[in-house]
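Student: Below is the file data22.txt, with compact mmCIF, C-alpha atoms.
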# COMPACT_ATOMS: atom_id res chain seq x y z
CA MET A 23 15.65 40.99 -25.29
CA LEU A 24 17.32 37.64 -24.74
CA ASP A 25 19.99 36.37 -27.00
CA LYS A 26 18.96 32.98 -28.43
CA ASP A 27 22.48 31.59 -27.99
CA ASN A 28 22.24 32.51 -24.36
CA CYS A 29 19.29 30.11 -24.05
CA LEU A 30 20.95 27.26 -25.91
CA GLN A 31 23.91 27.14 -23.58
CA LYS A 32 21.78 26.81 -20.49
CA THR A 33 20.41 23.60 -19.02
CA ASP A 34 16.70 23.33 -18.19
CA GLU A 35 17.45 23.59 -14.50
CA GLU A 36 19.51 26.74 -15.01
CA LEU A 37 16.71 28.26 -17.04
CA VAL A 38 14.23 27.52 -14.27
CA ALA A 39 16.45 29.31 -11.78
CA LEU A 40 16.92 32.23 -14.17
CA THR A 41 13.18 32.46 -14.92
CA LEU A 42 12.45 32.82 -11.23
CA LYS A 43 14.64 35.91 -11.28
CA ASN A 44 13.75 37.19 -14.72
CA GLN A 45 10.48 36.27 -16.41
CA ASP A 46 11.99 36.73 -19.90
CA PHE A 47 14.00 33.53 -19.57
CA PHE A 48 10.75 31.59 -19.62
CA SER A 49 10.60 32.11 -23.37
CA CYS A 50 13.70 29.88 -23.65
CA LEU A 51 11.88 27.03 -21.92
CA VAL A 52 8.75 27.59 -24.00
CA GLU A 53 10.69 27.55 -27.25
CA ARG A 54 12.67 24.49 -26.20
CA TYR A 55 9.65 22.42 -25.22
CA GLU A 56 6.94 23.69 -27.54
CA PRO A 57 7.56 21.27 -30.45
CA LYS A 58 8.03 18.25 -28.16
CA LEU A 59 4.96 18.98 -26.07
CA MET A 60 2.87 19.87 -29.12
CA ARG A 61 3.62 16.43 -30.56
CA TYR A 62 3.00 14.73 -27.25
CA VAL A 63 -0.28 16.52 -26.57
CA MET A 64 -1.54 15.75 -30.06
CA ARG A 65 -0.55 12.12 -29.69
CA ILE A 66 -2.32 11.57 -26.42
CA SER A 67 -5.28 13.89 -26.81
CA ALA A 68 -6.22 13.52 -30.46
CA ALA A 69 -6.74 17.26 -30.39
CA THR A 70 -6.68 19.46 -33.47
CA ARG A 71 -3.65 21.69 -33.83
CA GLU A 72 -5.68 24.70 -32.64
CA ASP A 73 -6.99 22.88 -29.60
CA ALA A 74 -3.53 21.55 -28.86
CA GLU A 75 -2.15 25.10 -29.00
CA ASP A 76 -4.74 26.27 -26.47
CA LEU A 77 -3.91 23.31 -24.29
CA LEU A 78 -0.22 24.01 -24.63
CA GLN A 79 -0.73 27.62 -23.61
CA ASP A 80 -2.48 26.44 -20.44
CA ILE A 81 0.30 23.94 -19.84
CA PHE A 82 3.04 26.57 -20.06
CA VAL A 83 1.12 28.98 -17.83
CA LYS A 84 0.71 26.17 -15.29
CA VAL A 85 4.42 25.38 -15.54
CA TYR A 86 5.23 29.03 -14.90
CA ARG A 87 2.90 29.24 -11.91
CA ASN A 88 4.41 26.09 -10.40
CA LEU A 89 8.07 26.72 -11.12
CA ASN A 90 8.83 26.80 -7.40
CA ASP A 91 7.42 23.31 -7.10
CA PHE A 92 9.90 21.87 -9.59
CA ASP A 93 11.45 18.90 -7.87
CA GLN A 94 15.19 18.95 -8.53
CA SER A 95 15.34 15.19 -8.05
CA LEU A 96 13.47 14.84 -11.36
CA LYS A 97 14.53 15.74 -14.84
CA PHE A 98 12.84 18.97 -15.88
CA SER A 99 11.58 17.24 -19.02
CA SER A 100 9.82 14.60 -16.87
CA TRP A 101 8.25 17.31 -14.76
CA ILE A 102 6.96 19.31 -17.71
CA TYR A 103 5.67 16.17 -19.45
CA ARG A 104 3.87 15.27 -16.23
CA ILE A 105 2.17 18.66 -16.17
CA ALA A 106 1.23 18.24 -19.82
CA HIS A 107 -0.14 14.76 -19.17
CA ASN A 108 -2.17 15.94 -16.17
CA GLN A 109 -3.51 18.91 -18.10
CA VAL A 110 -4.67 16.66 -20.93
CA VAL A 111 -6.36 14.32 -18.43
CA SER A 112 -7.97 17.27 -16.71
CA ASN A 113 -9.17 18.50 -20.08
CA TRP A 114 -10.70 15.07 -20.76
CA ARG A 115 -12.54 15.29 -17.49
CA LYS A 116 -13.82 18.77 -18.26
CA THR A 117 -15.10 17.81 -21.66
CA LYS A 118 -15.99 14.34 -20.36
CA SER A 119 -14.70 12.72 -23.49
CA ARG A 120 -11.57 10.73 -23.82
CA PRO A 121 -10.02 10.67 -27.26
CA GLN A 122 -11.15 7.78 -29.35
CA VAL A 123 -8.26 8.04 -31.74
CA LEU A 124 -4.61 8.58 -31.06
CA LYS A 125 -2.47 10.01 -33.78
CA PHE A 126 0.90 8.47 -34.33
CA GLU A 127 3.64 9.82 -36.44
CA ALA A 128 6.42 7.76 -37.98
CA ASP A 129 4.19 4.73 -37.68
CA GLU A 130 6.33 2.29 -39.61
CA ASP A 131 9.38 3.13 -37.56
CA PHE A 132 7.27 2.70 -34.50
CA LEU A 133 6.15 -0.75 -35.56
CA LYS A 134 9.70 -1.80 -36.35
CA PHE A 135 10.88 -0.43 -33.06
CA ILE A 136 8.38 -2.42 -31.07
CA ALA A 137 9.12 -5.52 -33.13
CA SER A 138 12.84 -5.14 -32.48
CA GLU A 139 12.16 -5.16 -28.75
CA GLY A 140 11.66 -8.91 -29.10
CA ASP A 141 8.13 -9.10 -27.83
CA LEU A 142 6.66 -9.65 -31.24
CA THR A 143 7.35 -13.30 -31.51
CA ARG A 144 8.01 -13.18 -35.18
CA ASP A 145 8.98 -10.51 -37.64
CA THR A 146 6.15 -9.02 -39.52
CA GLU A 147 6.06 -10.47 -43.01
CA ARG A 148 4.71 -7.36 -44.59
CA LYS A 149 4.87 -3.66 -44.07
CA PHE A 150 1.85 -1.93 -42.63
CA THR A 151 0.70 1.45 -43.78
CA SER A 152 0.45 4.27 -41.31
CA GLU A 153 -3.32 4.01 -41.41
CA GLU A 154 -3.19 0.29 -40.59
CA VAL A 155 -0.86 0.88 -37.67
CA ARG A 156 -3.14 3.60 -36.42
CA LYS A 157 -6.13 1.24 -36.58
CA MET A 158 -4.18 -1.43 -34.72
CA LEU A 159 -3.28 1.03 -32.02
CA ASP A 160 -6.91 2.02 -31.74
CA ASN A 161 -7.58 -1.50 -30.53
CA LEU A 162 -5.31 -1.06 -27.53
CA ASP A 163 -6.49 0.10 -24.12
CA ASP A 164 -5.85 3.78 -23.37
CA LYS A 165 -3.40 2.98 -20.58
CA TYR A 166 -1.34 0.91 -23.01
CA LYS A 167 -1.42 3.54 -25.73
CA GLU A 168 -0.10 6.11 -23.25
CA VAL A 169 2.93 4.09 -22.25
CA LEU A 170 3.66 3.11 -25.84
CA VAL A 171 3.65 6.78 -26.85
CA LEU A 172 6.06 7.66 -24.07
CA LYS A 173 8.34 4.67 -24.56
CA PHE A 174 8.53 4.41 -28.32
CA LEU A 175 7.56 7.80 -29.68
CA GLU A 176 8.81 10.15 -26.99
CA GLU A 177 11.69 7.75 -26.31
CA LYS A 178 11.48 8.07 -22.56
CA ASN A 179 13.12 5.52 -20.30
CA TYR A 180 11.28 3.63 -17.55
CA GLN A 181 12.28 6.07 -14.82
CA GLU A 182 11.08 9.02 -16.86
CA ILE A 183 7.78 7.31 -17.66
CA SER A 184 7.38 6.52 -13.97
CA ASP A 185 7.93 10.19 -13.11
CA ILE A 186 5.60 11.43 -15.84
CA LEU A 187 2.70 9.10 -15.14
CA GLU A 188 3.40 9.04 -11.39
CA LYS A 189 3.38 5.26 -11.27
CA PRO A 190 5.93 2.91 -9.67
CA LEU A 191 8.68 1.56 -11.93
CA GLY A 192 7.34 -1.97 -11.64
CA THR A 193 3.90 -0.86 -12.79
CA VAL A 194 5.44 0.95 -15.78
CA ALA A 195 7.38 -2.17 -16.75
CA THR A 196 4.25 -4.29 -16.46
CA LEU A 197 2.21 -1.82 -18.52
CA ILE A 198 4.82 -1.73 -21.27
CA ASN A 199 5.08 -5.51 -21.38
CA ARG A 200 1.33 -5.93 -21.53
CA ALA A 201 1.04 -3.17 -24.12
CA LYS A 202 3.61 -4.86 -26.32
CA LYS A 203 1.89 -8.22 -25.94
CA GLN A 204 -1.49 -6.72 -26.74
CA PHE A 205 -0.01 -4.90 -29.71
CA ALA A 206 1.69 -8.09 -30.93
CA LYS A 207 -1.64 -9.89 -30.72
CA VAL A 208 -3.36 -7.17 -32.71
CA VAL A 209 -0.60 -7.28 -35.34
CA GLU A 210 -0.94 -11.06 -35.58
CA GLU A 211 -4.69 -10.85 -36.05
CA ARG A 212 -4.23 -8.20 -38.71
CA GLU A 213 -1.73 -10.34 -40.58
CA ILE A 214 -4.12 -13.24 -40.67
CA LYS A 215 -6.88 -11.03 -41.98
CA PHE A 216 -4.82 -9.58 -44.84
CA MET B 24 10.07 34.30 -30.58
CA ASN B 25 7.29 32.24 -32.14
CA LYS B 26 3.57 32.75 -31.95
CA LEU B 27 2.84 30.45 -29.05
CA CYS B 28 5.75 31.79 -27.05
CA ASP B 29 4.40 35.29 -27.58
CA LYS B 30 0.93 34.23 -26.51
CA VAL B 31 2.18 32.54 -23.36
CA LEU B 32 4.37 35.44 -22.31
CA CYS B 33 1.65 37.91 -23.22
CA LYS B 34 -0.84 36.08 -21.05
CA ILE B 35 1.63 35.93 -18.16
CA ARG B 36 2.28 39.67 -18.40
CA GLU B 37 -1.30 40.76 -19.02
CA GLU B 38 -2.73 38.68 -16.21
CA LYS B 39 0.27 39.50 -14.00
CA ILE B 40 0.79 35.83 -13.31
CA GLU B 41 3.55 35.09 -10.83
CA PRO B 42 5.08 31.79 -9.77
CA LYS B 43 3.43 30.64 -6.57
CA PRO B 44 5.78 31.16 -3.60
CA ARG B 45 7.88 28.20 -2.53
CA TRP B 46 6.48 28.21 1.01
CA GLN B 47 3.04 27.27 -0.31
CA PHE B 48 4.41 24.07 -1.81
CA LEU B 49 6.49 23.35 1.25
CA LEU B 50 3.45 23.87 3.49
CA LYS B 51 1.44 21.45 1.38
CA ASP B 52 4.26 18.88 1.57
CA TYR B 53 4.53 19.23 5.33
CA PHE B 54 0.76 18.92 5.66
CA VAL B 55 0.64 15.71 3.64
CA TRP B 56 3.59 14.20 5.51
CA SER B 57 2.05 15.20 8.86
CA ALA B 58 -1.24 13.60 7.84
CA PHE B 59 0.65 10.41 6.92
CA VAL B 60 2.56 10.34 10.21
CA SER B 61 -0.64 11.07 12.17
CA ALA B 62 -2.46 8.24 10.44
CA VAL B 63 0.38 5.83 11.28
CA VAL B 64 0.43 7.01 14.92
CA VAL B 65 -3.35 6.70 15.31
CA GLY B 66 -3.15 3.33 13.57
CA GLY B 67 -0.48 2.43 16.14
CA LEU B 68 -2.79 3.47 18.99
CA ALA B 69 -5.63 1.40 17.52
CA PHE B 70 -3.28 -1.57 17.19
CA CYS B 71 -2.13 -1.09 20.77
CA VAL B 72 -5.71 -1.13 22.13
CA ALA B 73 -6.66 -4.12 19.97
CA PHE B 74 -3.55 -5.93 21.17
CA SER B 75 -4.21 -5.10 24.83
CA LEU B 76 -7.82 -6.24 24.57
CA THR B 77 -6.73 -9.46 22.89
CA VAL B 78 -4.05 -10.16 25.49
CA ASP B 79 -6.43 -9.35 28.34
CA ASN B 80 -9.25 -11.42 26.94
CA ASP B 81 -10.35 -14.45 28.91
CA TRP B 82 -9.97 -16.95 26.11
CA ASP B 83 -10.79 -19.90 28.38
CA ILE B 84 -14.27 -18.90 29.52
CA TYR B 85 -16.11 -20.25 26.48
CA LYS B 86 -16.88 -23.40 28.42
CA TYR B 87 -18.81 -21.42 31.01
CA LEU B 88 -20.64 -19.54 28.28
CA LYS B 89 -21.53 -22.89 26.67
CA ILE B 90 -20.30 -21.86 23.24
CA SER B 91 -17.60 -23.29 20.99
CA PRO B 92 -14.03 -21.89 21.06
CA VAL B 93 -14.56 -20.59 17.51
CA GLN B 94 -17.74 -18.77 18.49
CA HIS B 95 -15.97 -17.33 21.50
CA PHE B 96 -13.04 -16.26 19.35
CA LEU B 97 -15.38 -14.53 16.94
CA ILE B 98 -17.31 -12.64 19.59
CA SER B 99 -14.10 -11.72 21.39
CA LEU B 100 -12.35 -9.97 18.51
CA PRO B 101 -11.99 -6.23 19.08
CA TYR B 102 -13.89 -5.29 15.92
CA VAL B 103 -14.08 -1.56 16.62
CA TRP B 104 -10.32 -1.34 16.83
CA LEU B 105 -9.71 -3.65 13.90
CA ILE B 106 -11.92 -1.41 11.76
CA LEU B 107 -10.03 1.65 13.01
CA ILE B 108 -6.70 -0.01 12.18
CA ILE B 109 -7.87 -0.68 8.62
CA LEU B 110 -9.29 2.85 8.31
CA PHE B 111 -6.07 4.52 9.42
CA LEU B 112 -3.93 2.21 7.30
CA GLY B 113 -6.04 3.35 4.36
CA LEU B 114 -5.53 6.98 5.35
CA ALA B 115 -1.78 6.47 5.74
CA PHE B 116 -1.67 4.86 2.29
CA TYR B 117 -3.69 7.70 0.75
CA ASN B 118 -1.50 10.38 2.30
CA TYR B 119 1.76 8.66 1.37
CA LYS B 120 0.59 8.34 -2.22
CA HIS B 121 0.04 12.12 -2.20
CA THR B 122 3.54 12.96 -1.07
CA LYS B 123 5.89 14.16 -3.78
CA GLY B 124 7.65 10.86 -4.32
CA GLY B 125 4.77 8.69 -3.11
CA TYR B 126 4.06 7.30 -6.57
CA ARG B 127 7.49 5.65 -6.70
CA ARG B 128 6.53 2.97 -4.23
CA GLY B 129 4.01 0.25 -4.97
CA THR B 130 0.80 -0.31 -3.05
CA PHE B 131 2.09 -3.31 -1.12
CA VAL B 132 5.31 -1.56 -0.12
CA ILE B 133 3.41 1.46 1.25
CA LEU B 134 0.84 -0.69 3.02
CA GLY B 135 3.64 -2.89 4.36
CA LEU B 136 5.54 0.14 5.68
CA SER B 137 2.38 1.54 7.27
CA VAL B 138 1.58 -1.80 8.92
CA VAL B 139 5.14 -2.20 10.21
CA GLY B 140 5.12 1.41 11.48
CA SER B 141 1.79 0.94 13.25
CA VAL B 142 2.83 -2.40 14.76
CA ILE B 143 6.12 -1.00 16.09
CA LEU B 144 4.46 2.11 17.49
CA GLY B 145 1.56 0.01 18.81
CA SER B 146 3.96 -2.30 20.62
CA ILE B 147 5.70 0.67 22.22
CA PHE B 148 2.33 2.15 23.27
CA HIS B 149 1.28 -1.25 24.62
CA SER B 150 4.44 -1.53 26.70
CA LEU B 151 3.55 1.86 28.18
CA GLY B 152 0.12 0.54 29.15
CA MET B 153 -1.66 2.94 26.83
CA GLY B 154 -4.01 0.33 25.35
CA ARG B 155 -5.83 -0.23 28.61
CA LYS B 156 -5.94 3.48 29.36
CA ILE B 157 -7.48 4.29 25.98
CA ASP B 158 -9.98 1.46 26.36
CA LYS B 159 -10.90 2.81 29.78
CA ILE B 160 -11.35 6.37 28.48
CA PHE B 161 -13.58 5.17 25.66
CA ALA B 162 -15.61 2.92 27.96
CA ARG B 163 -16.15 5.75 30.42
CA ASN B 164 -17.10 8.41 27.94
CA LEU B 165 -18.88 6.47 25.21
CA PRO B 166 -21.69 4.29 26.58
CA LEU B 167 -22.18 2.75 23.14
CA TYR B 168 -18.55 1.62 23.07
CA GLN B 169 -18.94 -0.68 26.05
CA LYS B 170 -21.95 -2.30 24.39
CA ILE B 171 -20.46 -2.85 20.98
CA HIS B 172 -16.87 -3.71 21.72
CA CYS B 173 -16.34 -7.32 22.48
CA CYS B 174 -13.67 -8.40 24.90
CA CYS B 175 -12.80 -9.37 28.40
CA ASN B 176 -14.01 -6.09 29.78
CA ARG B 177 -17.53 -6.54 28.58
CA LYS B 178 -19.53 -6.35 31.72
CA GLY B 179 -22.36 -8.45 30.36
CA ILE B 180 -20.19 -11.55 30.20
CA TRP B 181 -19.24 -11.16 33.84
CA SER B 182 -22.79 -10.63 35.03
CA GLN B 183 -23.88 -14.24 34.65
CA PRO B 184 -23.64 -15.85 38.10
CA GLU B 185 -25.83 -18.76 36.96
CA LYS B 186 -23.11 -19.66 34.48
CA GLY B 187 -20.42 -19.20 37.09
CA LEU B 188 -19.17 -15.80 35.94
CA LEU B 189 -19.35 -12.78 38.19
CA GLY B 190 -17.50 -9.50 38.21
CA GLY B 191 -17.59 -6.41 40.37
CA ARG B 192 -15.94 -4.26 43.00
CA ILE B 193 -14.90 -5.50 46.45
CA LEU B 194 -16.80 -3.56 49.10
CA LYS B 195 -15.57 -5.10 52.30
CA VAL B 196 -13.16 -7.87 53.30
CA LYS B 197 -14.84 -9.63 56.22
CA GLU B 198 -12.37 -12.41 56.99
CA GLU B 199 -9.64 -14.31 55.18
CA ASN B 200 -12.06 -16.37 53.08
CA GLU B 201 -15.01 -14.06 52.77
CA PHE B 202 -15.71 -10.64 51.28
CA ASP B 203 -18.60 -8.58 49.94
CA MET B 204 -18.65 -7.59 46.32
CA GLU B 205 -20.98 -5.28 44.37
CA ASP B 206 -21.72 -6.51 40.87
CA PHE B 207 -22.29 -4.25 37.85
CA SER B 208 -26.02 -4.03 38.47
CA GLY B 209 -25.49 -2.85 42.07
CA ILE B 210 -26.32 -6.14 43.83
CA VAL B 211 -24.09 -6.92 46.81
CA TRP B 212 -22.85 -10.51 46.90
CA GLN B 213 -21.25 -12.47 49.69
CA ILE B 214 -18.21 -14.13 48.19
CA GLU B 215 -16.70 -17.24 49.68
CA LYS B 216 -13.33 -18.68 48.88
CA ASN B 217 -10.87 -21.16 50.38
CA ASN B 218 -7.22 -22.16 50.13
CA GLN B 219 -7.85 -23.97 46.87
CA THR B 220 -9.21 -20.83 45.22
CA PHE B 221 -6.89 -20.05 42.33
CA MET B 222 -5.66 -16.45 42.16
CA ARG B 223 -4.89 -15.76 38.51
CA GLY B 224 -2.69 -12.77 37.87
CA PRO B 225 -1.78 -9.89 40.17
CA VAL B 226 -5.06 -9.77 42.05
CA LEU B 227 -5.48 -8.23 45.48
CA ILE B 228 -8.40 -8.88 47.80
CA ILE B 229 -8.73 -5.36 49.12
CA GLU B 230 -11.55 -2.82 49.20
CA ASN B 231 -12.41 -1.13 45.91
CA GLU B 232 -10.43 -3.64 43.89
CA GLU B 233 -12.34 -4.76 40.78
CA VAL B 234 -12.22 -8.49 40.17
CA LYS B 235 -13.67 -11.26 38.05
CA LEU B 236 -14.78 -14.49 39.62
CA ILE B 237 -15.28 -17.94 38.19
CA GLY B 238 -17.19 -20.28 40.46
CA GLU B 239 -20.69 -21.19 41.47
CA LYS B 240 -23.78 -19.46 42.71
CA LYS B 241 -24.50 -21.24 45.98
CA ALA B 242 -27.60 -19.35 47.02
CA GLU B 243 -29.26 -16.00 46.49
CA LYS B 244 -26.48 -13.40 46.68
CA ILE B 245 -23.90 -15.97 47.79
CA PHE B 246 -21.16 -16.96 45.35
CA TRP B 247 -18.33 -19.40 45.81
CA ALA B 248 -15.14 -18.38 43.95
CA ARG B 249 -13.06 -21.13 42.44
CA GLU B 250 -10.88 -18.63 40.64
CA ILE B 251 -10.28 -14.89 41.05
CA ARG B 252 -8.82 -12.67 38.33
CA PRO B 253 -8.02 -8.98 38.22
CA TRP B 254 -10.42 -6.90 36.17
CA SER B 255 -7.85 -6.52 33.39
CA GLY B 256 -7.98 -3.23 31.62
CA TRP B 257 -9.27 -1.56 34.70
CA GLU B 258 -6.56 -2.55 37.09
CA SER B 259 -4.53 0.57 36.37
CA GLU B 260 -7.53 2.80 36.95
CA GLU B 261 -6.63 5.70 39.17
Output the file's structure in the form of structure tokens.

Tutor:
Amino acid sequence: MLDKDNCLQKTDEELVALTLKNQDFFSCLVERYEPKLMRYVMRISAATREDAEDLLQDIFVKVYRNLNDFDQSLKFSSWIYRIAHNQVVSNWRKTKSRPQVLKFEADEDFLKFIASEGDLTRDTERKFTSEEVRKMLDNLDDKYKEVLVLKFLEEKNYQEISDILEKPLGTVATLINRAKKQFAKVVEEREIKF
Amino acid sequence: MNKLCDKVLCKIREEKIEPKPRWQFLLKDYFVWSAFVSAVVVGGLAFCVAFSLTVDNDWDIYKYLKISPVQHFLISLPYVWLILIILFLGLAFYNYKHTKGGYRRGTFVILGLSVVGSVILGSIFHSLGMGRKIDKIFARNLPLYQKIHCCCNRKGIWSQPEKGLLGGRILKVKEENEFDMEDFSGIVWQIEKNNQTFMRGPVLIIENEEVKLIGEKKAEKIFWAREIRPWSGWESEE
């Protein structure tokens, strides 16, 4: 059995190399990424916890199968998020239904975070409830929701988002800008309505 | 270990799942890169033929054909090769996008690189005379090609003696200002010329040389040549 401390001291890249020699080390990677990927999968797939677990199992098996394809020029976290993203998309295609609702956690923080980025032209006068934020996000295009999740909830930088979504940096920047503008517009409309 | 971790490792063990060998990924990478390079090279060849056909085209004969310069330009464009250039640029783009780091570059950068690559390669191929050779091979082996591709080599254009355009192969040089020439339909013409006849390009009045003539039909099977040009694109024929 592996000592848990042994896992903690290793970097992702070291664990990949060790897993290729000894399968048991894969448990370190699974334990390290399970909570992050669970959150991410639920955020972008609107899956139930059970469905997300099944999806996550497939994701980790795929990661294991493709360990030799891990590109050392990327961060391991970007690579594993990419696999997760692709698996969710592939799952959408299989079931032929894209999620209608994205679930966001820490919604108020999220709103503040976007507002602090300066693209909301004015500070929001009132606080929105989580449910309101969720409804506002529902009004965004899927491509915008995806980048907002990665940028503001998963706290990935532009390069990481580019590597995860396999889009050029410029496209990522454009998507984030447009997403923020669209979100700001939705927030403004909401404020007028209330 | 938690529940999911157990399930994942259990599945891996039970189904005896192994990481795919590295060579499989490398092979795929090499294949995609080779496909990209091949598309750029073929695009370069298509560019080279299109360029050769454009350079060799007789842009000044529209007046004999009694059409406007724009019409002549439009019918003279090497459409087959332009379509092939676009097709292979598309393939190059598709393959590059499927390389490992292909997503990092934007559409215009990749297309720009593919165009530049094809133009550079095409220019090198053109300087080696490959454009004319490829055109010749296609014309010889694909009857449809000669009919659909528009350019100076189109035999139909040079089979209009009434309009002053005649092309063919020299059969016999009789004297300094007279030779026999067989046109593309097999008719033997007596060609007359004089000291004022303009020799455009590296043309030789020798047997078996293929030439294009601009002049006037004087009588049945007698043609006076005001200008003689080499049958560009065929001049390097062995």

Student: Kindly provide, as an NGL selection string, the residues of chain B having any atom no farther than 12 Å from an atom of chain A, counting only C-alpha atoms.

Tutor: :B and (24-36 or 38-52 or 120-133)

Student: Let me see the file: selected residues, C-alpha atoms, as a short mmCIF file (atom, residue, chain, number, x, y, z; two decimals), in the coordinates of the input.

Tutor:
data_model
loop_
_atom_site.label_atom_id
_atom_site.label_comp_id
_atom_site.auth_asym_id
_atom_site.auth_seq_id
_atom_site.Cartn_x
_atom_site.Cartn_y
_atom_site.Cartn_z
CA MET B 24 10.07 34.30 -30.58
CA ASN B 25 7.29 32.24 -32.14
CA LYS B 26 3.57 32.75 -31.95
CA LEU B 27 2.84 30.45 -29.05
CA CYS B 28 5.75 31.79 -27.05
CA ASP B 29 4.40 35.29 -27.58
CA LYS B 30 0.93 34.23 -26.51
CA VAL B 31 2.18 32.54 -23.36
CA LEU B 32 4.37 35.44 -22.31
CA CYS B 33 1.65 37.91 -23.22
CA LYS B 34 -0.84 36.08 -21.05
CA ILE B 35 1.63 35.93 -18.16
CA ARG B 36 2.28 39.67 -18.40
CA GLU B 38 -2.73 38.68 -16.21
CA LYS B 39 0.27 39.50 -14.00
CA ILE B 40 0.79 35.83 -13.31
CA GLU B 41 3.55 35.09 -10.83
CA PRO B 42 5.08 31.79 -9.77
CA LYS B 43 3.43 30.64 -6.57
CA PRO B 44 5.78 31.16 -3.60
CA ARG B 45 7.88 28.20 -2.53
CA TRP B 46 6.48 28.21 1.01
CA GLN B 47 3.04 27.27 -0.31
CA PHE B 48 4.41 24.07 -1.81
CA LEU B 49 6.49 23.35 1.25
CA LEU B 50 3.45 23.87 3.49
CA LYS B 51 1.44 21.45 1.38
CA ASP B 52 4.26 18.88 1.57
CA LYS B 120 0.59 8.34 -2.22
CA HIS B 121 0.04 12.12 -2.20
CA THR B 122 3.54 12.96 -1.07
CA LYS B 123 5.89 14.16 -3.78
CA GLY B 124 7.65 10.86 -4.32
CA GLY B 125 4.77 8.69 -3.11
CA TYR B 126 4.06 7.30 -6.57
CA ARG B 127 7.49 5.65 -6.70
CA ARG B 128 6.53 2.97 -4.23
CA GLY B 129 4.01 0.25 -4.97
CA THR B 130 0.80 -0.31 -3.05
CA PHE B 131 2.09 -3.31 -1.12
CA VAL B 132 5.31 -1.56 -0.12
CA ILE B 133 3.41 1.46 1.25
#

Student: In Å, rounded to a single decimal, give me how far CA of Cys71 (chain B) is from CA of Val138 (chain B).

Tutor: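 CA of Cys71 (chain B) lies 12.4 Å from CA of Val138 (chain B).
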
Student: Would you kindly return, as a VMD selection string, each protein, DNA or RNA residue with an atom no farther than 6 Å from any atom of Leu236 (chain B), considering only C-alpha atoms and excluding same-chain residues fewer than 4 positions away?

Tutor: chain B and resid 188 to 190 248 250 to 251

Student: Take the selection from the previous step and output its residues with C-alpha atoms, as a PDB file, keeping the file's coordinate frame.

Tutor:
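Saved as part-v9.pdb:
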ATOM      1  CA  LEU B 188     -19.170 -15.800  35.940  1.00  0.00           C
ATOM      2  CA  LEU B 189     -19.350 -12.780  38.190  1.00  0.00           C
ATOM      3  CA  GLY B 190     -17.500  -9.500  38.210  1.00  0.00           C
ATOM      4  CA  ALA B 248     -15.140 -18.380  43.950  1.00  0.00           C
ATOM      5  CA  GLU B 250     -10.880 -18.630  40.640  1.00  0.00           C
ATOM      6  CA  ILE B 251     -10.280 -14.890  41.050  1.00  0.00           C
TER       7      ILE B 251
END

Student: Using only C-alpha atoms, give me every residue within 7 Å of (-8.0, 2.7, 22.3) in file coordinates, as a ChimeraX atom specification.

Tutor: /B:68-69,72,154,157-158,161

Student: So, counting only C-alpha atoms, which residue among A:Glu35, A:Asp160, A:Glu176, A:Glu210 is closest to Phe98 (chain A)?

Tutor: A:Glu35

Student: Between B:Asp83, B:Glu185, B:Asp203, B:Glu37, which residue has the minimum interatomic distance to Val234 (chain B), considering all atoms listed in the file?

Tutor: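 Of B:Asp83, B:Glu185, B:Asp203, B:Glu37, the one nearest Val234 (chain B), counting all atoms listed in the file, is B:Asp203.
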
Student: Just the number, please: distance in Å from CA of Ser137 (chain B) to CA of Ser57 (chain B), one decimal.

Tutor: 13.8 Å

Student: Just give me the residues with any atom within 9 Å of (-0.2, 5.5, 17.1), file coordinates, counting all atoms listed in the file, written as a list in words.

Tutor: Val60, Ser61, Ala62, Val63, Val64, Val65, Gly66, Gly67, Leu68, Ala69, Phe70, Cys71, Gly140, Ser141, Val142, Leu144, Gly145 and Phe148 of chain B
